[in-house]
file protein25.pdb (PDB, C-alpha atoms and all ligand atoms)
MODEL        1
ATOM      1  CA  MET Z1188     112.058  78.912 130.068
ATOM      2  CA  GLU Z1189     111.025  81.017 133.012
ATOM      3  CA  LYS Z1190     114.208  83.048 133.093
ATOM      4  CA  PHE Z1191     113.580  84.487 129.636
ATOM      5  CA  SER Z1192     110.114  85.838 130.440
ATOM      6  CA  LYS Z1193     111.341  87.111 133.811
ATOM      7  CA  ILE Z1194     114.051  89.186 132.135
ATOM      8  CA  ILE Z1195     111.561  90.511 129.588
ATOM      9  CA  LEU Z1196     108.949  91.410 132.198
ATOM     10  CA  GLN Z1197     111.505  93.197 134.367
ATOM     11  CA  TRP Z1198     112.652  95.219 131.376
ATOM     12  CA  PHE Z1199     109.033  96.077 130.517
ATOM     13  CA  LYS Z1200     108.369  97.444 133.999
ATOM     14  CA  LYS Z1201     111.065 100.047 133.523
ATOM     15  CA  HIS Z1202     111.198 100.690 129.791
ATOM     16  CA  GLY Z1203     108.080  99.309 128.071
ATOM     17  CA  ARG Z1204     105.418 101.524 126.458
ATOM     18  CA  LYS Z1205     102.351 101.880 128.629
ATOM     19  CA  ASP Z1206     100.580 104.919 127.288
ATOM     20  CA  LEU Z1207      99.636 103.922 123.745
ATOM     21  CA  PRO Z1208      95.948 104.633 123.004
ATOM     22  CA  TRP Z1209      95.072 100.927 122.649
ATOM     23  CA  GLN Z1210      96.654 100.194 126.024
ATOM     24  CA  GLN Z1211      93.936 102.295 127.680
ATOM     25  CA  ALA Z1212      90.476 100.841 128.391
ATOM     26  CA  ILE Z1213      91.715  97.545 126.940
ATOM     27  CA  SER Z1214      89.115  95.422 125.167
ATOM     28  CA  PRO Z1215      89.370  92.708 122.504
ATOM     29  CA  TYR Z1216      87.855  95.117 119.970
ATOM     30  CA  ARG Z1217      90.357  97.894 120.697
ATOM     31  CA  VAL Z1218      93.320  95.489 120.669
ATOM     32  CA  TRP Z1219      92.124  93.893 117.448
ATOM     33  CA  ILE Z1220      91.821  97.229 115.592
ATOM     34  CA  SER Z1221      95.277  98.305 116.786
ATOM     35  CA  GLU Z1222      96.898  95.003 115.818
ATOM     36  CA  ILE Z1223      95.446  95.149 112.302
ATOM     37  CA  MET Z1224      96.501  98.783 111.840
ATOM     38  CA  LEU Z1225      99.988  98.018 113.133
ATOM     39  CA  GLN Z1226     100.542  95.308 110.521
ATOM     40  CA  GLN Z1227     102.967  96.888 108.007
ATOM     41  CA  THR Z1228     102.615 100.317 109.672
ATOM     42  CA  GLN Z1229     104.625 102.152 112.336
ATOM     43  CA  VAL Z1230     103.118 103.103 115.705
ATOM     44  CA  ASN Z1231     103.417 106.871 115.149
ATOM     45  CA  THR Z1232     101.561 106.664 111.842
ATOM     46  CA  VAL Z1233      98.857 104.453 113.333
ATOM     47  CA  ILE Z1234      97.975 106.597 116.395
ATOM     48  CA  PRO Z1235      95.929 109.352 114.657
ATOM     49  CA  TYR Z1236      94.190 106.803 112.420
ATOM     50  CA  TYR Z1237      93.360 104.675 115.448
ATOM     51  CA  GLN Z1238      91.933 107.606 117.372
ATOM     52  CA  LYS Z1239      89.710 108.703 114.495
ATOM     53  CA  PHE Z1240      88.573 105.125 113.912
ATOM     54  CA  MET Z1241      87.645 104.671 117.577
ATOM     55  CA  LYS Z1242      85.747 107.937 117.606
ATOM     56  CA  GLN Z1243      83.621 106.854 114.681
ATOM     57  CA  PHE Z1244      83.398 103.144 115.499
ATOM     58  CA  PRO Z1245      83.775 102.750 119.266
ATOM     59  CA  ASP Z1246      82.639  99.118 119.292
ATOM     60  CA  VAL Z1247      82.194  96.091 117.100
ATOM     61  CA  LYS Z1248      78.478  96.791 116.574
ATOM     62  CA  SER Z1249      79.039 100.273 115.166
ATOM     63  CA  LEU Z1250      81.703  98.903 112.826
ATOM     64  CA  ALA Z1251      79.516  96.014 111.668
ATOM     65  CA  LYS Z1252      76.617  98.383 110.930
ATOM     66  CA  ALA Z1253      78.765 100.889 109.003
ATOM     67  CA  HIS Z1254      78.812 101.250 105.246
ATOM     68  CA  GLU Z1255      82.021  99.953 103.660
ATOM     69  CA  ASP Z1256      82.725 103.437 102.252
ATOM     70  CA  GLN Z1257      82.841 104.915 105.760
ATOM     71  CA  VAL Z1258      85.369 102.291 106.858
ATOM     72  CA  LEU Z1259      87.540 102.753 103.768
ATOM     73  CA  HIS Z1260      87.384 106.515 104.167
ATOM     74  CA  LEU Z1261      88.971 106.245 107.623
ATOM     75  CA  TRP Z1262      91.642 103.997 106.135
ATOM     76  CA  THR Z1263      92.564 106.446 103.357
ATOM     77  CA  GLY Z1264      96.353 106.797 103.340
ATOM     78  CA  LEU Z1265      97.112 103.755 105.556
ATOM     79  CA  GLY Z1266      97.459 101.430 102.552
ATOM     80  CA  TYR Z1267      96.867  97.669 102.334
ATOM     81  CA  TYR Z1268      93.123  98.262 102.071
ATOM     82  CA  ALA Z1269      92.269  94.567 102.290
ATOM     83  CA  ARG Z1270      92.892  95.056 106.031
ATOM     84  CA  ALA Z1271      89.980  97.503 106.267
ATOM     85  CA  ARG Z1272      87.654  95.333 104.198
ATOM     86  CA  ASN Z1273      88.516  92.316 106.348
ATOM     87  CA  LEU Z1274      87.924  94.297 109.567
ATOM     88  CA  HIS Z1275      84.477  95.204 108.333
ATOM     89  CA  LYS Z1276      83.664  91.615 107.317
ATOM     90  CA  ALA Z1277      84.998  90.236 110.616
ATOM     91  CA  ALA Z1278      82.932  92.740 112.651
ATOM     92  CA  LYS Z1279      79.783  91.538 110.891
ATOM     93  CA  ILE Z1280      80.691  87.920 111.678
ATOM     94  CA  VAL Z1281      81.364  88.725 115.362
ATOM     95  CA  LEU Z1282      77.985  90.451 115.593
ATOM     96  CA  ARG Z1283      76.081  87.741 113.747
ATOM     97  CA  GLU Z1284      77.804  84.538 114.865
ATOM     98  CA  PHE Z1285      79.125  85.497 118.299
ATOM     99  CA  LYS Z1286      76.406  87.940 119.407
ATOM    100  CA  GLY Z1287      78.887  90.801 119.398
ATOM    101  CA  GLU Z1288      81.266  89.084 121.869
ATOM    102  CA  PHE Z1289      84.780  88.438 120.615
ATOM    103  CA  PRO Z1290      85.725  84.728 120.523
ATOM    104  CA  ASN Z1291      88.472  83.897 123.004
ATOM    105  CA  THR Z1292      90.331  80.899 121.607
ATOM    106  CA  LEU Z1293      93.199  80.796 119.150
ATOM    107  CA  GLU Z1294      91.212  78.600 116.766
ATOM    108  CA  SER Z1295      88.020  80.658 116.718
ATOM    109  CA  LEU Z1296      89.863  83.967 116.388
ATOM    110  CA  GLN Z1297      91.701  82.652 113.350
ATOM    111  CA  LEU Z1298      88.387  81.918 111.649
ATOM    112  CA  LEU Z1299      87.805  85.669 111.322
ATOM    113  CA  PRO Z1300      88.988  87.322 108.083
ATOM    114  CA  GLY Z1301      92.371  89.029 108.415
ATOM    115  CA  ILE Z1302      93.329  87.367 111.734
ATOM    116  CA  GLY Z1303      96.327  85.040 111.512
ATOM    117  CA  ARG Z1304      98.133  83.119 114.233
ATOM    118  CA  SER Z1305     100.190  86.066 115.494
ATOM    119  CA  THR Z1306      97.290  88.575 115.600
ATOM    120  CA  ALA Z1307      95.124  85.972 117.356
ATOM    121  CA  GLY Z1308      97.961  85.483 119.876
ATOM    122  CA  ALA Z1309      98.191  89.231 120.493
ATOM    123  CA  ILE Z1310      94.418  89.563 121.065
ATOM    124  CA  LEU Z1311      94.387  86.559 123.404
ATOM    125  CA  SER Z1312      97.343  87.645 125.477
ATOM    126  CA  ILE Z1313      96.708  91.391 125.639
ATOM    127  CA  ALA Z1314      92.908  91.516 125.787
ATOM    128  CA  PHE Z1315      92.057  88.191 127.438
ATOM    129  CA  GLN Z1316      95.293  87.802 129.425
ATOM    130  CA  LYS Z1317      95.742  84.229 128.201
ATOM    131  CA  PRO Z1318      99.318  83.190 127.384
ATOM    132  CA  ALA Z1319      99.585  82.939 123.598
ATOM    133  CA  ALA Z1320     102.611  83.278 121.347
ATOM    134  CA  ILE Z1321     103.022  86.107 118.889
ATOM    135  CA  LEU Z1322     105.501  86.314 116.071
ATOM    136  CA  ASP Z1323     105.012  89.575 114.252
ATOM    137  CA  GLY Z1324     107.956  91.249 112.501
ATOM    138  CA  ASN Z1325     109.329  92.787 115.714
ATOM    139  CA  VAL Z1326     109.106  89.659 117.866
ATOM    140  CA  LYS Z1327     110.459  87.483 115.071
ATOM    141  CA  ARG Z1328     113.548  89.698 114.851
ATOM    142  CA  VAL Z1329     114.251  89.499 118.604
ATOM    143  CA  LEU Z1330     113.824  85.728 118.830
ATOM    144  CA  SER Z1331     115.612  84.994 115.594
ATOM    145  CA  ARG Z1332     118.678  86.925 116.769
ATOM    146  CA  PHE Z1333     118.491  85.750 120.366
ATOM    147  CA  LEU Z1334     118.476  82.124 119.237
ATOM    148  CA  ALA Z1335     120.382  82.579 115.964
ATOM    149  CA  ILE Z1336     117.618  80.689 114.192
ATOM    150  CA  ASN Z1337     115.825  81.496 110.977
ATOM    151  CA  ASN Z1338     113.489  78.522 110.780
ATOM    152  CA  ILE Z1339     109.961  79.820 111.334
ATOM    153  CA  ASP Z1340     108.528  76.615 112.845
ATOM    154  CA  MET Z1341     111.352  76.498 115.354
ATOM    155  CA  LEU Z1342     110.753  80.141 116.212
ATOM    156  CA  TRP Z1343     107.078  79.425 116.926
ATOM    157  CA  THR Z1344     108.050  76.497 119.161
ATOM    158  CA  HIS Z1345     110.455  78.681 121.144
ATOM    159  CA  ALA Z1346     107.976  81.569 121.278
ATOM    160  CA  GLU Z1347     105.480  79.217 122.918
ATOM    161  CA  SER Z1348     108.003  77.720 125.319
ATOM    162  CA  TYR Z1349     108.964  81.168 126.671
ATOM    163  CA  LEU Z1350     105.413  82.237 127.549
ATOM    164  CA  PRO Z1351     104.951  83.228 131.187
ATOM    165  CA  LYS Z1352     101.977  82.016 133.208
ATOM    166  CA  LYS Z1353     101.509  85.428 134.766
ATOM    167  CA  ASN Z1354     101.187  88.787 133.027
ATOM    168  CA  PRO Z1355     100.987  87.485 129.449
ATOM    169  CA  HIS Z1356      99.667  90.893 128.344
ATOM    170  CA  ASN Z1357     102.763  92.740 129.580
ATOM    171  CA  TYR Z1358     105.008  90.047 128.172
ATOM    172  CA  ALA Z1359     103.418  90.314 124.704
ATOM    173  CA  GLN Z1360     103.694  94.096 124.716
ATOM    174  CA  ALA Z1361     107.289  93.883 125.994
ATOM    175  CA  MET Z1362     108.386  91.588 123.181
ATOM    176  CA  MET Z1363     106.860  93.922 120.594
ATOM    177  CA  ASP Z1364     108.464  96.949 122.273
ATOM    178  CA  LEU Z1365     111.849  95.290 122.462
ATOM    179  CA  GLY Z1366     111.765  94.623 118.715
ATOM    180  CA  ALA Z1367     110.488  98.110 117.866
ATOM    181  CA  MET Z1368     112.723 100.095 120.223
ATOM    182  CA  ILE Z1369     115.911  98.088 120.913
ATOM    183  CA  CYS Z1370     116.362  95.173 118.539
ATOM    184  CA  THR Z1371     115.718  97.342 115.515
ATOM    185  CA  ARG Z1372     116.188  96.216 111.935
ATOM    186  CA  THR Z1373     119.340  98.262 111.484
ATOM    187  CA  LYS Z1374     121.712  99.251 114.259
ATOM    188  CA  PRO Z1375     120.133  97.330 117.158
ATOM    189  CA  LYS Z1376     120.952  98.886 120.532
ATOM    190  CA  CYS Z1377     122.434  95.758 122.081
ATOM    191  CA  ASP Z1378     124.047  97.691 124.935
ATOM    192  CA  LEU Z1379     120.526  98.609 126.126
ATOM    193  CA  CYS Z1380     119.075  95.140 125.564
ATOM    194  CA  PRO Z1381     118.227  92.953 128.568
ATOM    195  CA  LEU Z1382     119.053  89.855 126.501
ATOM    196  CA  GLU Z1383     122.536  90.914 125.468
ATOM    197  CA  LYS Z1384     124.395  88.504 127.755
ATOM    198  CA  TYR Z1385     122.535  85.514 126.307
ATOM    199  CA  CYS Z1386     121.920  86.587 122.733
ATOM    200  CA  GLU Z1387     123.490  84.076 120.379
ATOM    201  CA  ALA Z1388     123.669  86.400 117.371
ATOM    202  CA  SER Z1389     125.241  89.191 119.404
ATOM    203  CA  LEU Z1390     127.718  86.890 121.177
ATOM    204  CA  THR Z1391     128.856  85.351 117.905
ATOM    205  CA  ASP Z1392     128.794  88.633 116.010
ATOM    206  CA  ARG Z1393     126.252  87.396 113.437
ATOM    207  CA  ILE Z1394     123.396  89.861 113.963
ATOM    208  CA  SER Z1395     123.157  90.713 110.264
ATOM    209  CA  GLU Z1396     122.358  87.048 109.475
ATOM    210  CA  PHE Z1397     119.109  87.133 111.467
ATOM    211  CA  PRO Z1398     116.293  87.168 110.637
ATOM    212  CA  GLY Z1399     117.205  85.646 107.254
ATOM    213  CA  LYS Z1400     117.729  88.233 104.618
ATOM    214  CA  LYS Z1401     114.835  88.789 102.305
ATOM    215  CA  ILE Z1402     115.929  88.627  98.719
ATOM    216  CA  THR Z1403     115.531  92.175  97.475
ATOM    217  CA  LYS Z1404     113.579  91.906  94.284
ATOM    218  CA  VAL Z1405     113.827  94.393  91.476
ATOM    219  CA  LEU Z1406     110.214  95.503  91.262
ATOM    220  CA  PRO Z1407     108.577  95.582  87.839
ATOM    221  CA  ILE Z1408     107.248  98.932  86.616
ATOM    222  CA  LYS Z1409     103.700  99.341  85.335
ATOM    223  CA  GLN Z1410     102.092 102.408  83.848
ATOM    224  CA  THR Z1411      98.609 103.799  84.054
ATOM    225  CA  ILE Z1412      96.599 106.909  83.264
ATOM    226  CA  LEU Z1413      94.075 108.318  85.728
ATOM    227  CA  LEU Z1414      91.514 110.660  84.239
ATOM    228  CA  VAL Z1415      90.583 113.795  86.162
ATOM    229  CA  LEU Z1416      87.284 114.410  84.407
ATOM    230  CA  LYS Z1417      85.678 117.658  85.531
ATOM    231  CA  ASN Z1418      82.178 118.966  84.964
ATOM    232  CA  LYS Z1419      81.396 122.656  84.644
ATOM    233  CA  LEU Z1420      81.031 122.959  88.443
ATOM    234  CA  GLY Z1421      84.625 121.818  88.892
ATOM    235  CA  GLN Z1422      83.548 118.485  90.346
ATOM    236  CA  VAL Z1423      85.565 115.398  89.462
ATOM    237  CA  LEU Z1424      84.178 112.029  88.406
ATOM    238  CA  LEU Z1425      85.022 109.111  90.699
ATOM    239  CA  GLU Z1426      84.194 105.452  90.127
ATOM    240  CA  LYS Z1427      84.083 102.651  92.662
ATOM    241  CA  ARG Z1428      86.711 100.006  92.012
ATOM    242  CA  PRO Z1429      85.875  96.303  92.100
ATOM    243  CA  SER Z1430      86.299  94.792  95.567
ATOM    244  CA  THR Z1431      89.318  92.709  94.500
ATOM    245  CA  GLY Z1432      92.601  93.943  93.038
ATOM    246  CA  ILE Z1433      94.478  97.132  93.895
ATOM    247  CA  TRP Z1434      92.525  99.767  95.826
ATOM    248  CA  GLY Z1435      89.648  97.267  95.995
ATOM    249  CA  GLY Z1436      86.354  98.888  97.008
ATOM    250  CA  LEU Z1437      87.825 102.407  97.040
ATOM    251  CA  TRP Z1438      86.613 105.318  94.945
ATOM    252  CA  SER Z1439      89.046 106.171  92.186
ATOM    253  CA  LEU Z1440      89.626 108.282  89.114
ATOM    254  CA  PRO Z1441      88.711 106.324  85.957
ATOM    255  CA  GLU Z1442      91.737 104.381  84.745
ATOM    256  CA  PHE Z1443      92.874 104.125  81.118
ATOM    257  CA  GLU Z1444      95.717 102.579  79.164
ATOM    258  CA  ASP Z1445      96.165 105.493  76.767
ATOM    259  CA  GLN Z1446      94.690 108.820  75.655
ATOM    260  CA  LYS Z1447      92.900 107.212  72.702
ATOM    261  CA  ALA Z1448      90.828 105.106  75.090
ATOM    262  CA  ILE Z1449      89.789 108.252  76.977
ATOM    263  CA  LEU Z1450      88.643 110.007  73.827
ATOM    264  CA  LYS Z1451      86.806 106.902  72.683
ATOM    265  CA  LYS Z1452      84.821 106.774  75.924
ATOM    266  CA  TYR Z1453      84.299 110.533  76.317
ATOM    267  CA  ALA Z1454      84.142 111.762  72.717
ATOM    268  CA  GLY Z1455      83.105 115.305  73.687
ATOM    269  CA  ILE Z1456      86.351 116.161  75.503
ATOM    270  CA  LYS Z1457      88.092 118.828  73.464
ATOM    271  CA  LYS Z1458      91.441 119.031  75.121
ATOM    272  CA  LEU Z1459      93.347 116.747  77.426
ATOM    273  CA  LYS Z1460      95.929 118.238  79.738
ATOM    274  CA  ILE Z1461      98.710 116.054  81.120
ATOM    275  CA  LEU Z1462      99.376 116.759  84.805
ATOM    276  CA  ALA Z1463     102.601 115.958  86.669
ATOM    277  CA  PRO Z1464     103.253 112.190  86.563
ATOM    278  CA  PHE Z1465     104.462 110.420  89.720
ATOM    279  CA  ARG Z1466     105.341 106.972  90.992
ATOM    280  CA  HIS Z1467     103.442 104.957  93.600
ATOM    281  CA  THR Z1468     105.137 101.830  94.892
ATOM    282  CA  PHE Z1469     103.269  98.713  96.007
ATOM    283  CA  SER Z1470     104.984  95.770  97.697
ATOM    284  CA  HIS Z1471     105.169  93.922  94.376
ATOM    285  CA  TYR Z1472     105.517  96.628  91.719
ATOM    286  CA  HIS Z1473     105.976 100.317  90.930
ATOM    287  CA  LEU Z1474     103.064 102.076  89.308
ATOM    288  CA  ASP Z1475     103.926 105.141  87.238
ATOM    289  CA  ILE Z1476     100.789 107.264  87.217
ATOM    290  CA  THR Z1477     100.027 109.973  84.682
ATOM    291  CA  PRO Z1478      97.023 112.051  85.658
ATOM    292  CA  ILE Z1479      95.267 113.620  82.674
ATOM    293  CA  GLU Z1480      92.685 116.345  83.034
ATOM    294  CA  GLY Z1481      89.694 116.831  80.763
ATOM    295  CA  GLN Z1482      86.424 118.713  80.876
ATOM    296  CA  LEU Z1483      82.963 117.877  79.626
ATOM    297  CA  GLU Z1484      79.723 119.819  79.834
ATOM    298  CA  ARG Z1485      77.680 116.726  80.346
ATOM    299  CA  VAL Z1486      78.947 113.335  81.274
ATOM    300  CA  LYS Z1487      77.046 110.093  81.208
ATOM    301  CA  HIS Z1488      78.507 107.749  83.722
ATOM    302  CA  ASP Z1489      77.535 104.385  85.117
ATOM    303  CA  GLY Z1490      77.318 104.509  88.856
ATOM    304  CA  GLY Z1491      80.055 107.089  89.432
ATOM    305  CA  VAL Z1492      79.867 110.068  91.770
ATOM    306  CA  TRP Z1493      80.810 113.706  91.356
ATOM    307  CA  PHE Z1494      83.393 114.629  93.945
ATOM    308  CA  ASP Z1495      83.872 118.233  94.925
ATOM    309  CA  PRO Z1496      87.560 118.739  95.842
ATOM    310  CA  GLN Z1497      86.559 121.970  97.646
ATOM    311  CA  LYS Z1498      84.101 120.135  99.891
ATOM    312  CA  PRO Z1499      85.438 116.588 100.063
ATOM    313  CA  SER Z1500      82.837 113.989 101.010
ATOM    314  CA  LYS Z1501      83.657 110.977 103.151
ATOM    315  CA  LEU Z1502      84.706 108.423 100.589
ATOM    316  CA  GLY Z1503      87.485 105.851 100.770
ATOM    317  CA  LEU Z1504      90.263 107.056  98.485
ATOM    318  CA  SER Z1505      93.681 105.581  97.773
ATOM    319  CA  ALA Z1506      96.682 107.771  98.655
ATOM    320  CA  PRO Z1507      97.602 108.538  94.986
ATOM    321  CA  VAL Z1508      94.027 109.535  94.092
ATOM    322  CA  LYS Z1509      93.832 111.748  97.174
ATOM    323  CA  LYS Z1510      97.117 113.347  96.141
ATOM    324  CA  ILE Z1511      95.810 114.091  92.634
ATOM    325  CA  LEU Z1512      92.504 115.500  93.943
ATOM    326  CA  MET Z1513      94.333 117.761  96.368
ATOM    327  CA  GLY Z1514      96.415 119.060  93.489
ATOM    328  CA  VAL Z1515      93.425 119.955  91.325
ATOM    329  CA  THR Z1516      91.643 122.108  93.905
TER     330      THR Z1516
HETATM  331  S1  LIG H   1     121.347  91.658 122.085
HETATM  332 FE1  LIG H   1     121.115  92.910 120.279
HETATM  333  S2  LIG H   1     120.661  91.461 118.641
HETATM  334 FE2  LIG H   1     120.369  90.389 120.568
HETATM  335  S3  LIG H   1     118.192  90.587 120.971
HETATM  336 FE3  LIG H   1     119.224  92.253 122.006
HETATM  337  S4  LIG H   1     119.199  93.963 120.605
HETATM  338 FE4  LIG H   1     118.697  92.117 119.447
ENDMDL
END

call {"tool": "encode", "arguments": {"input": "protein25.pdb", "output": "structure tokens", "more": "lines below"}}
Ligand code: SF4
result
Amino acid sequence: MEKFSKIILQWFKKHGRKDLPWQQAISPYRVWISEIMLQQTQVNTVIPYYQKFMKQFPDVKSLAKAHEDQVLHLWTGLGYYARARNLHKAAKIVLREFKGEFPNTLESLQLLPGIGRSTAGAILSIAFQKPAAILDGNVKRVLSRFLAINNIDMLWTHAESYLPKKNPHNYAQAMMDLGAMICTRTKPKCDLCPLEKYCEASLTDRISEFPGKKITKVLPIKQTILLVLKNKLGQVLLEKRPSTGIWGGLWSLPEFEDQKAILKKYAGIKKLKILAPFRHTFSHYHLDITPIEGQLERVKHDGGVWFDPQKPSKLGLSAPVKKILMGVT
């Protein structure tokens, strides 16, 4: 449907975003990093992370050669850390299997860890200027409302049928911008939307039905204790978490089920002090965290590191652990 892409491209010329950092000096690597960071995260949050990441890892080779801790450190606070671990793994594959050149087909891109159909489509269209459909959260919302369809396979079929032959990069960016800026989750600005005259959901007053409502789950609540174990220099013991599970591969405060377990492991601690508990929410549960502080003259530990909150070293930390460490300085 040529008319659809024509309307979208005209709108982009006037209103689309053209000055985002990843829209400058476009390369598959730069687009890829931005697309992964933008999954589950808003543009304004991503920008400073993206800039720091690019400064440290300007190309796929520097990323592939980095230590995982350096990569996770730059991701600290962005959440969904599997994204960072997958980026690192994928960079190594691109260097080893593709001689550092990004693959340029939908199929080969999707072989890389962390790249699904929509991210592959975004890299192909924006970096390689090849028409390829995308269906991230923003684009899905626009198309679902425009067509009054919730079926995902049908949305993919339509997304492909609307692709323009020319300027696929602008078209891809325009669709994402339209979803982020106009066809927003709540209170879409239909009066500013170039599709208003043809939008099925708007014309039939059924916008709230599209995209299909997610069933809001009542999240279960779990509890944990994180031990802030200090030595006499005021340094805090951190342990590396296993690469799978929450905060996989990040450095963390040792985790315990109860105070008894702490005293069993570190018998010499005389007094434990309970710090302010707080809640951290993951997509699938709430975690109520109680930090507990203790001090030991000498601590035997297996493979941990002493972290100096006054002079923080570059380690990948989860947001809650960072919050606790900032509070104990
Ligand atoms: S008219 Fe409204 S609901 Fe339809 S695509 Fe535009 S902003 Fe979204």

call {"tool": "resolve_selection", "arguments": {"input": "protein25.pdb", "expression": "the PyMOL selection byres (((chain Z and resi 1227) around 12) and not hetatm)", "output": "list in words"}}
result
Ser1221, Glu1222, Ile1223, Met1224, Leu1225, Gln1226, Thr1228, Gln1229, Val1230, Thr1232, Val1233, Leu1265, Gly1266, Tyr1267, Tyr1268, Arg1270, Asp1323, Gly1324, Asn1325 and Ser1470 of chain Z

call {"tool": "resolve_selection", "arguments": {"input": "protein25.pdb", "expression": "the PyMOL selection byres (((chain Z and resi 1303-1308) around 12) and not hetatm)", "output": "JSON, numbers by chain"}}
result
{"Z": [1215, 1216, 1218, 1219, 1220, 1221, 1222, 1223, 1224, 1225, 1226, 1270, 1273, 1289, 1290, 1291, 1292, 1293, 1294, 1295, 1296, 1297, 1298, 1299, 1300, 1301, 1302, 1309, 1310, 1311, 1312, 1313, 1314, 1315, 1316, 1317, 1318, 1319, 1320, 1321, 1322, 1323, 1324, 1325, 1326, 1327, 1343, 1346, 1347, 1350, 1355, 1356, 1358, 1359, 1360, 1363]}

call {"tool": "closest_residue", "arguments": {"input": "protein25.pdb", "among": "Z:Met1513, Z:Leu1440, Z:Cys1380, Z:Val1258", "to": "ligand LIG 1 (chain H)", "atoms": "only C-alpha atoms and all ligand atoms"}}
result
Z:Cys1380

call {"tool": "residues_near_ligand", "arguments": {"input": "protein25.pdb", "ligand": "ligand LIG 1 (chain H)", "cutoff": "6 Å", "atoms": "all atoms listed in the file", "output": "JSON, numbers by chain"}}
result
{"Z": [1329, 1332, 1333, 1369, 1370, 1375, 1376, 1377, 1380, 1382, 1383, 1386, 1389, 1394]}

call {"tool": "write_last_selection", "arguments": {"input": "protein25.pdb", "atoms": "C-alpha atoms", "output": "PDB file, in the coordinates of the input"}}
result
ATOM      1  CA  VAL Z1329     114.251  89.499 118.604  1.00  0.00           C
ATOM      2  CA  ARG Z1332     118.678  86.925 116.769  1.00  0.00           C
ATOM      3  CA  PHE Z1333     118.491  85.750 120.366  1.00  0.00           C
ATOM      4  CA  ILE Z1369     115.911  98.088 120.913  1.00  0.00           C
ATOM      5  CA  CYS Z1370     116.362  95.173 118.539  1.00  0.00           C
ATOM      6  CA  PRO Z1375     120.133  97.330 117.158  1.00  0.00           C
ATOM      7  CA  LYS Z1376     120.952  98.886 120.532  1.00  0.00           C
ATOM      8  CA  CYS Z1377     122.434  95.758 122.081  1.00  0.00           C
ATOM      9  CA  CYS Z1380     119.075  95.140 125.564  1.00  0.00           C
ATOM     10  CA  LEU Z1382     119.053  89.855 126.501  1.00  0.00           C
ATOM     11  CA  GLU Z1383     122.536  90.914 125.468  1.00  0.00           C
ATOM     12  CA  CYS Z1386     121.920  86.587 122.733  1.00  0.00           C
ATOM     13  CA  SER Z1389     125.241  89.191 119.404  1.00  0.00           C
ATOM     14  CA  ILE Z1394     123.396  89.861 113.963  1.00  0.00           C
TER      15      ILE Z1394
END

call {"tool": "atom_distance", "arguments": {"input": "protein25.pdb", "atom1": "CA of Met1362 (chain Z)", "atom2": "CA of Glu1288 (chain Z)"}}
result
27.3 Å

call {"tool": "resolve_selection", "arguments": {"input": "protein25.pdb", "expression": "the PyMOL selection byres (((chain Z and resi 1402-1412) around 6) and not hetatm)", "output": "PyMOL selection string"}}
result
chain Z and resi 1401+1413+1442-1444+1472-1478

call {"tool": "residues_around", "arguments": {"input": "protein25.pdb", "residues": "Ile1433 (chain Z)", "least_positions_apart": "2", "cutoff": "10 Å", "atoms": "only C-alpha atoms", "output": "PDB file with C-alpha atoms, in the coordinates of the input"}}
result
ATOM      1  CA  TYR Z1267      96.867  97.669 102.334  1.00  0.00           C
ATOM      2  CA  TYR Z1268      93.123  98.262 102.071  1.00  0.00           C
ATOM      3  CA  ALA Z1269      92.269  94.567 102.290  1.00  0.00           C
ATOM      4  CA  ARG Z1428      86.711 100.006  92.012  1.00  0.00           C
ATOM      5  CA  PRO Z1429      85.875  96.303  92.100  1.00  0.00           C
ATOM      6  CA  SER Z1430      86.299  94.792  95.567  1.00  0.00           C
ATOM      7  CA  THR Z1431      89.318  92.709  94.500  1.00  0.00           C
ATOM      8  CA  GLY Z1435      89.648  97.267  95.995  1.00  0.00           C
ATOM      9  CA  GLY Z1436      86.354  98.888  97.008  1.00  0.00           C
ATOM     10  CA  LEU Z1437      87.825 102.407  97.040  1.00  0.00           C
ATOM     11  CA  PHE Z1469     103.269  98.713  96.007  1.00  0.00           C
ATOM     12  CA  SER Z1505      93.681 105.581  97.773  1.00  0.00           C
TER      13      SER Z1505
END
